[in-house]
Amino acid sequence: MSQILHIFYKDARRFWGEIFLSVAITAAFAWFYPNTWIGPDHIHGAMGSHSVASYNLQIIGGFLLALVPVSWWLLIVRVVHAETLVGDRQFWLTRPYEWPKLLAAKLLFLLAFLYLPIFIAQCALLAEAGFKPFSFIPGLLFNLLLLTIVLVLPILAVATVTSNFARMTLTLLGVFVGIIALGAVVQRLMPNHFTAIAGASYTTQGAFTLAFCVCAAVVVLQYALRRVWLARALLYGIPALLILASPFAERIQSHHPRIDVNYPVAANPPVQLAFHPLSPSYQTYETWPDTGEVLIHTPLQGTGVAAGTVLVPDAVKLEVEAPNGVHWVSDWQGTAMPKFLAGSQDGDAVVSIPRDRYEQLKSMPLTMHLSVAFSEARETRVTRMPLPSEDFSVSGFGVCSPLAGFLSPFTQATGLLCRSALRDPPLTYIGVVWSDTPCDAPHPEPDQGVQGAAWVGSLDRAPADLDISSVQQVHFTLSNSIYERSNVPRHLCPGSPVTFTEYERVSRTQTSVTIHDFHLPGVKVSDGQTHVFTTTTTTTEAPKQK
């Protein structure tokens, strides 16, 4: 233990300048970053001055946020290179230092001068945002783990296989250029491949686990054996091979029945899907760069969703059968379909098919079997309140405040600004009541007005998201916020009702619909652009569903 403390004190004395710089940047970030949470306290000037001020605040806040990992980079490189691990003439071997104690001293240094300052800064940001920091200790520790895997440990690993700061910088630049080049190769090998959203979490977890294992192995290997070429092979070779192999892994994974296992077909589907064709006279015109893919729009109508339940579409899959016996099945693909609530809901399922397959099928009446994978969520908490004129806390969601408009009095909000701790809030439906008249005018009933709503948050509930800041600003736009007659913003008056309905995932399921006599849209390619002239056509017989 005495040797560990000896090395720690030696490094602290030697690198006091780097320590001061890193801690000062972290403190400046914690002090200034709350200014980027644009709220009513920052809106008192004219429209132009406010816009410039808001933009400048965002720029400065983003600059300080970027400086924090840069200061970590400098601190880690300097302390590791104090006892270089490259070569065979390290002076510290003659002391002698025991490598476990040397490694422990370096980790203690990082714990004291990197992790402790950022932990204190994140607690201060939570307190400034209106949260109780000690209620989020598990999330704060999980966030530090993510920062370790993504930032600290890779920098530490690269520092162990380089001999000085210049080589470290060149190595990082080389890695950055290599990632770009490998990404370009992957894009050429497998362009525009759509991966289902539902499988993204598994891929991310695997990537984080692999990154942690490789970097940790490199650090331990270098301190224990100092086999620099073996360490470099692990650090650079394995990620390069995985990136090059990713097209084939993606191709295998896309056909893997992971979604079919995690989203079983329900005996009693929570929603009944039906093909809802557009009017024959309804034409659309879409243009996008030619990518060798054609997007097929399929308008659907969903009914039968239980009250208090929302169905979130996660992925779609298309199976096509042609009269000549041609059969084609797509991969599961991510979707931007709207959520399905109780009552009748319309949605547009978009599936990408290869151009050559489109050319083969475009002239024939098709039988389409469209499957949709849903996350089923139910209400867990409903918070109703009159809108306050200042910051207010919503249990389980975050802290919100009314947003005053540029051309409106301070007491007439034109929206809401919300902040959450460490991660996105749970999936929440926000409902408000807009006013078309000034807030100081008499209103017969506080809930009379135009309804506005927005969906925010996520059903995925990790303890924390990867972020240096512990406070996230929740971005959303409430519907019906503009008064059509005059094209000016509507108002949210103090005391008007506002509702936060939070949802939690209870199951995953999939359901499908079969469409007969479906004709693919007309597509034309010219000047490197894909032109789609209509989204769909009507059917010649009633929609059927399996």
# chains A, B, ... in the order shown; residues from 1 in each chain; ligands from 1

call {"tool": "select_by_dssp", "arguments": {"residues": "range 332-431 of chain A", "states": "alpha helix (DSSP H)", "output": "MDAnalysis selection string"}}
result
chainID A and resid 355:361

call {"tool": "write_last_selection", "arguments": {"atoms": "C-alpha atoms", "output": "JSON list (two decimals), in the first residue's frame"}}
result
[["chain", "number", "residue", "atom", "x", "y", "z"],
["A", 355, "ARG", "CA", -34.64, -2.10, -56.86],
["A", 356, "ASP", "CA", -34.15, -5.34, -58.79],
["A", 357, "ARG", "CA", -36.88, -7.04, -56.77],
["A", 358, "TYR", "CA", -39.17, -4.06, -57.34],
["A", 359, "GLU", "CA", -38.65, -4.27, -61.10],
["A", 360, "GLN", "CA", -39.52, -7.95, -60.97],
["A", 361, "LEU", "CA", -42.79, -7.39, -59.09]]

call {"tool": "select_by_dssp", "arguments": {"residues": "range 368-488 of chain A", "states": "strand (DSSP E or B)", "output": "ChimeraX atom specification"}}
result
/A:368-386,392-394,398-404,413-421,426,428-435,450-456,458,471-474,482-483,488

call {"tool": "closest_atom_pairs", "arguments": {"of": "range 414-523 of chain A", "to": "range 378-382 of chain A", "cutoff": "9 Å", "atoms": "only C-alpha atoms", "output": "Markdown table"}}
result
| residue | atom | partner | partner_atom | distance |
| --- | --- | --- | --- | --- |
| A:Thr499 | CA | A:Val382 | CA | 7.0 |
| A:Phe500 | CA | A:Val382 | CA | 5.7 |
| A:Thr501 | CA | A:Val382 | CA | 4.4 |
| A:Glu502 | CA | A:Arg381 | CA | 5.3 |
| A:Tyr503 | CA | A:Glu379 | CA | 4.5 |
| A:Glu504 | CA | A:Arg378 | CA | 5.6 |
| A:Arg505 | CA | A:Arg378 | CA | 6.6 |
| A:Val506 | CA | A:Arg378 | CA | 6.9 |

call {"tool": "residues_around", "arguments": {"residues": "Met168 in chain A", "least_positions_apart": "5", "cutoff": "12 Å", "atoms": "only C-alpha atoms", "output": "JSON, numbers by chain"}}
result
{"A": [73, 74, 76, 77, 78, 80, 81, 84, 86, 154, 155, 156, 157, 158, 159, 160, 161, 162, 163, 173, 174, 175]}

call {"tool": "residues_around", "arguments": {"residues": "Ser375 in chain A", "least_positions_apart": "6", "cutoff": "9 Å", "atoms": "only C-alpha atoms", "output": "PyMOL selection string"}}
result
chain A and resi 263+310-314+459+505-510

call {"tool": "write_last_selection", "arguments": {"atoms": "N, CA and C atoms", "output": "PDB file, in the first residue's frame"}}
result
ATOM      1  N   TYR A 263     -40.885 -11.088 -29.918  1.00  0.00           N
ATOM      2  CA  TYR A 263     -42.213 -10.546 -30.239  1.00  0.00           C
ATOM      3  C   TYR A 263     -43.092 -11.691 -30.750  1.00  0.00           C
ATOM      4  N   VAL A 310     -51.181   1.734 -24.906  1.00  0.00           N
ATOM      5  CA  VAL A 310     -50.618   2.269 -26.136  1.00  0.00           C
ATOM      6  C   VAL A 310     -49.730   1.194 -26.750  1.00  0.00           C
ATOM      7  N   LEU A 311     -49.809   1.069 -28.056  1.00  0.00           N
ATOM      8  CA  LEU A 311     -48.971   0.136 -28.798  1.00  0.00           C
ATOM      9  C   LEU A 311     -47.949   0.928 -29.592  1.00  0.00           C
ATOM     10  N   VAL A 312     -46.670   0.646 -29.361  1.00  0.00           N
ATOM     11  CA  VAL A 312     -45.576   1.355 -30.011  1.00  0.00           C
ATOM     12  C   VAL A 312     -44.987   0.454 -31.086  1.00  0.00           C
ATOM     13  N   PRO A 313     -45.139   0.776 -32.375  1.00  0.00           N
ATOM     14  CA  PRO A 313     -44.526  -0.052 -33.427  1.00  0.00           C
ATOM     15  C   PRO A 313     -43.008   0.027 -33.358  1.00  0.00           C
ATOM     16  N   ASP A 314     -42.362  -1.145 -33.317  1.00  0.00           N
ATOM     17  CA  ASP A 314     -40.906  -1.210 -33.245  1.00  0.00           C
ATOM     18  C   ASP A 314     -40.273  -1.627 -34.560  1.00  0.00           C
ATOM     19  N   LEU A 459     -39.559   3.762 -23.799  1.00  0.00           N
ATOM     20  CA  LEU A 459     -39.899   2.597 -22.995  1.00  0.00           C
ATOM     21  C   LEU A 459     -38.664   1.888 -22.457  1.00  0.00           C
ATOM     22  N   ARG A 505     -43.716  -0.508 -20.444  1.00  0.00           N
ATOM     23  CA  ARG A 505     -43.887  -1.688 -21.290  1.00  0.00           C
ATOM     24  C   ARG A 505     -44.309  -2.892 -20.454  1.00  0.00           C
ATOM     25  N   VAL A 506     -45.323  -3.622 -20.955  1.00  0.00           N
ATOM     26  CA  VAL A 506     -45.786  -4.821 -20.273  1.00  0.00           C
ATOM     27  C   VAL A 506     -45.563  -6.071 -21.112  1.00  0.00           C
ATOM     28  N   SER A 507     -45.431  -5.914 -22.422  1.00  0.00           N
ATOM     29  CA  SER A 507     -45.222  -7.089 -23.260  1.00  0.00           C
ATOM     30  C   SER A 507     -44.765  -6.652 -24.644  1.00  0.00           C
ATOM     31  N   ARG A 508     -44.280  -7.630 -25.400  1.00  0.00           N
ATOM     32  CA  ARG A 508     -43.971  -7.439 -26.813  1.00  0.00           C
ATOM     33  C   ARG A 508     -44.768  -8.461 -27.615  1.00  0.00           C
ATOM     34  N   THR A 509     -45.255  -8.048 -28.735  1.00  0.00           N
ATOM     35  CA  THR A 509     -46.054  -8.942 -29.548  1.00  0.00           C
ATOM     36  C   THR A 509     -45.991  -8.498 -30.995  1.00  0.00           C
ATOM     37  N   GLN A 510     -46.476  -9.349 -31.879  1.00  0.00           N
ATOM     38  CA  GLN A 510     -46.572  -8.974 -33.284  1.00  0.00           C
ATOM     39  C   GLN A 510     -47.907  -9.416 -33.848  1.00  0.00           C
TER      40      GLN A 510
END

call {"tool": "residues_around", "arguments": {"residues": "Arg384 in chain A", "least_positions_apart": "5", "cutoff": "12 Å", "atoms": "only C-alpha atoms", "output": "list in words"}}
result
Ser393, Val394, Ser395, Tyr429, Ile430, Gly431, Val432, Asp447, Gly495, Ser496, Pro497, Val498, Thr499, Phe500, Thr501 and Glu502 of chain A

call {"tool": "residues_around", "arguments": {"residues": "Arg490 in chain A", "least_positions_apart": "2", "cutoff": "9 Å", "atoms": "only C-alpha atoms", "output": "ChimeraX atom specification"}}
result
/A:412-415,434-437,480-483,488,492

call {"tool": "write_last_selection", "arguments": {"atoms": "C-alpha atoms", "output": "PDB file, in the first residue's frame"}}
result
ATOM      1  CA  GLN A 412     -48.401  33.818 -21.696  1.00  0.00           C
ATOM      2  CA  ALA A 413     -46.386  30.701 -22.433  1.00  0.00           C
ATOM      3  CA  THR A 414     -46.087  29.300 -25.942  1.00  0.00           C
ATOM      4  CA  GLY A 415     -44.867  25.859 -24.900  1.00  0.00           C
ATOM      5  CA  TRP A 434     -54.266  26.167 -25.812  1.00  0.00           C
ATOM      6  CA  SER A 435     -55.874  29.589 -25.718  1.00  0.00           C
ATOM      7  CA  ASP A 436     -56.459  31.727 -28.811  1.00  0.00           C
ATOM      8  CA  THR A 437     -57.201  34.821 -26.743  1.00  0.00           C
ATOM      9  CA  ASN A 480     -51.887  22.755 -32.574  1.00  0.00           C
ATOM     10  CA  SER A 481     -49.449  25.367 -31.282  1.00  0.00           C
ATOM     11  CA  ILE A 482     -50.139  27.768 -34.181  1.00  0.00           C
ATOM     12  CA  TYR A 483     -53.397  29.670 -34.663  1.00  0.00           C
ATOM     13  CA  VAL A 488     -49.287  33.277 -34.632  1.00  0.00           C
ATOM     14  CA  LEU A 492     -50.717  28.350 -22.444  1.00  0.00           C
TER      15      LEU A 492
END

call {"tool": "atom_distance", "arguments": {"atom1": "CA of Cys400 in chain A", "atom2": "CA of Lys339 in chain A"}}
result
23.9 Å

call {"tool": "closest_residue", "arguments": {"among": "A:Ser352, A:Ser470, A:Thr303, A:Gln58", "to": "Phe32 in chain A", "atoms": "only C-alpha atoms"}}
result
A:Gln58

call {"tool": "residues_around", "arguments": {"residues": "range 95-103 of chain A", "least_positions_apart": "2", "cutoff": "10 Å", "atoms": "only C-alpha atoms", "output": "list of chain:residue names"}}
result
A:Met1, A:Ser2, A:Gln3, A:Ile4, A:Leu5, A:His6, A:Ile7, A:Phe8, A:Val80, A:Glu83, A:Phe91, A:Trp92, A:Leu93, A:Ala105, A:Lys106, A:Leu107, A:Leu108, A:Phe109, A:Val219, A:Val220, A:Gln222, A:Tyr223, A:Ala224, A:Leu225

call {"tool": "write_last_selection", "arguments": {"atoms": "N, CA and C atoms", "output": "PDB file, in the first residue's frame"}}
result
ATOM      1  N   MET A   1       0.822  -1.208   0.000  1.00  0.00           N
ATOM      2  CA  MET A   1       0.000   0.000   0.000  1.00  0.00           C
ATOM      3  C   MET A   1       0.856   1.258   0.000  1.00  0.00           C
ATOM      4  N   SER A   2       2.014   1.200   0.710  1.00  0.00           N
ATOM      5  CA  SER A   2       2.884   2.382   0.770  1.00  0.00           C
ATOM      6  C   SER A   2       3.432   2.718  -0.607  1.00  0.00           C
ATOM      7  N   GLN A   3       3.726   1.692  -1.421  1.00  0.00           N
ATOM      8  CA  GLN A   3       4.231   1.968  -2.765  1.00  0.00           C
ATOM      9  C   GLN A   3       3.147   2.601  -3.637  1.00  0.00           C
ATOM     10  N   ILE A   4       1.920   2.162  -3.492  1.00  0.00           N
ATOM     11  CA  ILE A   4       0.812   2.753  -4.249  1.00  0.00           C
ATOM     12  C   ILE A   4       0.670   4.229  -3.905  1.00  0.00           C
ATOM     13  N   LEU A   5       0.689   4.542  -2.599  1.00  0.00           N
ATOM     14  CA  LEU A   5       0.554   5.942  -2.181  1.00  0.00           C
ATOM     15  C   LEU A   5       1.767   6.758  -2.601  1.00  0.00           C
ATOM     16  N   HIS A   6       2.951   6.144  -2.562  1.00  0.00           N
ATOM     17  CA  HIS A   6       4.149   6.856  -3.001  1.00  0.00           C
ATOM     18  C   HIS A   6       4.043   7.281  -4.464  1.00  0.00           C
ATOM     19  N   ILE A   7       3.620   6.358  -5.325  1.00  0.00           N
ATOM     20  CA  ILE A   7       3.481   6.689  -6.753  1.00  0.00           C
ATOM     21  C   ILE A   7       2.368   7.721  -6.945  1.00  0.00           C
ATOM     22  N   PHE A   8       1.282   7.576  -6.187  1.00  0.00           N
ATOM     23  CA  PHE A   8       0.162   8.522  -6.304  1.00  0.00           C
ATOM     24  C   PHE A   8       0.608   9.930  -5.928  1.00  0.00           C
ATOM     25  N   VAL A  80       0.026   8.146 -17.498  1.00  0.00           N
ATOM     26  CA  VAL A  80       0.464   6.825 -17.955  1.00  0.00           C
ATOM     27  C   VAL A  80       1.882   6.885 -18.497  1.00  0.00           C
ATOM     28  N   GLU A  83       5.481   6.579 -16.467  1.00  0.00           N
ATOM     29  CA  GLU A  83       6.202   5.312 -16.434  1.00  0.00           C
ATOM     30  C   GLU A  83       5.848   4.572 -17.717  1.00  0.00           C
ATOM     31  N   PHE A  91      12.924   3.077 -16.842  1.00  0.00           N
ATOM     32  CA  PHE A  91      13.702   3.319 -15.624  1.00  0.00           C
ATOM     33  C   PHE A  91      12.984   2.783 -14.387  1.00  0.00           C
ATOM     34  N   TRP A  92      11.630   2.732 -14.437  1.00  0.00           N
ATOM     35  CA  TRP A  92      10.902   2.351 -13.229  1.00  0.00           C
ATOM     36  C   TRP A  92      11.079   0.861 -12.891  1.00  0.00           C
ATOM     37  N   LEU A  93      11.589   0.072 -13.841  1.00  0.00           N
ATOM     38  CA  LEU A  93      11.811  -1.345 -13.545  1.00  0.00           C
ATOM     39  C   LEU A  93      12.956  -1.531 -12.555  1.00  0.00           C
ATOM     40  N   ALA A 105      -1.897   2.482  -8.524  1.00  0.00           N
ATOM     41  CA  ALA A 105      -1.624   3.895  -8.268  1.00  0.00           C
ATOM     42  C   ALA A 105      -2.184   4.779  -9.384  1.00  0.00           C
ATOM     43  N   LYS A 106      -2.058   4.317 -10.635  1.00  0.00           N
ATOM     44  CA  LYS A 106      -2.600   5.095 -11.761  1.00  0.00           C
ATOM     45  C   LYS A 106      -4.130   5.157 -11.681  1.00  0.00           C
ATOM     46  N   LEU A 107      -4.755   4.035 -11.322  1.00  0.00           N
ATOM     47  CA  LEU A 107      -6.220   4.026 -11.197  1.00  0.00           C
ATOM     48  C   LEU A 107      -6.668   4.910 -10.033  1.00  0.00           C
ATOM     49  N   LEU A 108      -5.917   4.910  -8.944  1.00  0.00           N
ATOM     50  CA  LEU A 108      -6.244   5.792  -7.821  1.00  0.00           C
ATOM     51  C   LEU A 108      -6.121   7.257  -8.237  1.00  0.00           C
ATOM     52  N   PHE A 109      -5.115   7.562  -9.037  1.00  0.00           N
ATOM     53  CA  PHE A 109      -4.948   8.930  -9.549  1.00  0.00           C
ATOM     54  C   PHE A 109      -6.177   9.350 -10.360  1.00  0.00           C
ATOM     55  N   VAL A 219      -4.753  -3.047 -21.267  1.00  0.00           N
ATOM     56  CA  VAL A 219      -4.132  -2.342 -20.138  1.00  0.00           C
ATOM     57  C   VAL A 219      -3.428  -3.321 -19.209  1.00  0.00           C
ATOM     58  N   VAL A 220      -4.113  -4.381 -18.832  1.00  0.00           N
ATOM     59  CA  VAL A 220      -3.503  -5.369 -17.919  1.00  0.00           C
ATOM     60  C   VAL A 220      -2.316  -6.048 -18.585  1.00  0.00           C
ATOM     61  N   GLN A 222      -0.290  -4.902 -20.888  1.00  0.00           N
ATOM     62  CA  GLN A 222       0.868  -4.009 -20.975  1.00  0.00           C
ATOM     63  C   GLN A 222       1.550  -3.830 -19.621  1.00  0.00           C
ATOM     64  N   TYR A 223       0.772  -3.641 -18.580  1.00  0.00           N
ATOM     65  CA  TYR A 223       1.385  -3.464 -17.267  1.00  0.00           C
ATOM     66  C   TYR A 223       2.025  -4.761 -16.773  1.00  0.00           C
ATOM     67  N   ALA A 224       1.465  -5.910 -17.139  1.00  0.00           N
ATOM     68  CA  ALA A 224       1.992  -7.172 -16.640  1.00  0.00           C
ATOM     69  C   ALA A 224       3.177  -7.671 -17.460  1.00  0.00           C
ATOM     70  N   LEU A 225       3.076  -7.591 -18.807  1.00  0.00           N
ATOM     71  CA  LEU A 225       4.088  -8.203 -19.674  1.00  0.00           C
ATOM     72  C   LEU A 225       4.817  -7.216 -20.572  1.00  0.00           C
TER      73      LEU A 225
END

call {"tool": "atom_distance", "arguments": {"atom1": "CA of Pro388 in chain A", "atom2": "CA of Pro494 in chain A"}}
result
5.6 Å

call {"tool": "closest_residue", "arguments": {"among": "A:Val177, A:Leu172, A:Leu111, A:Leu146", "to": "Ala211 in chain A", "atoms": "only C-alpha atoms"}}
result
A:Leu146
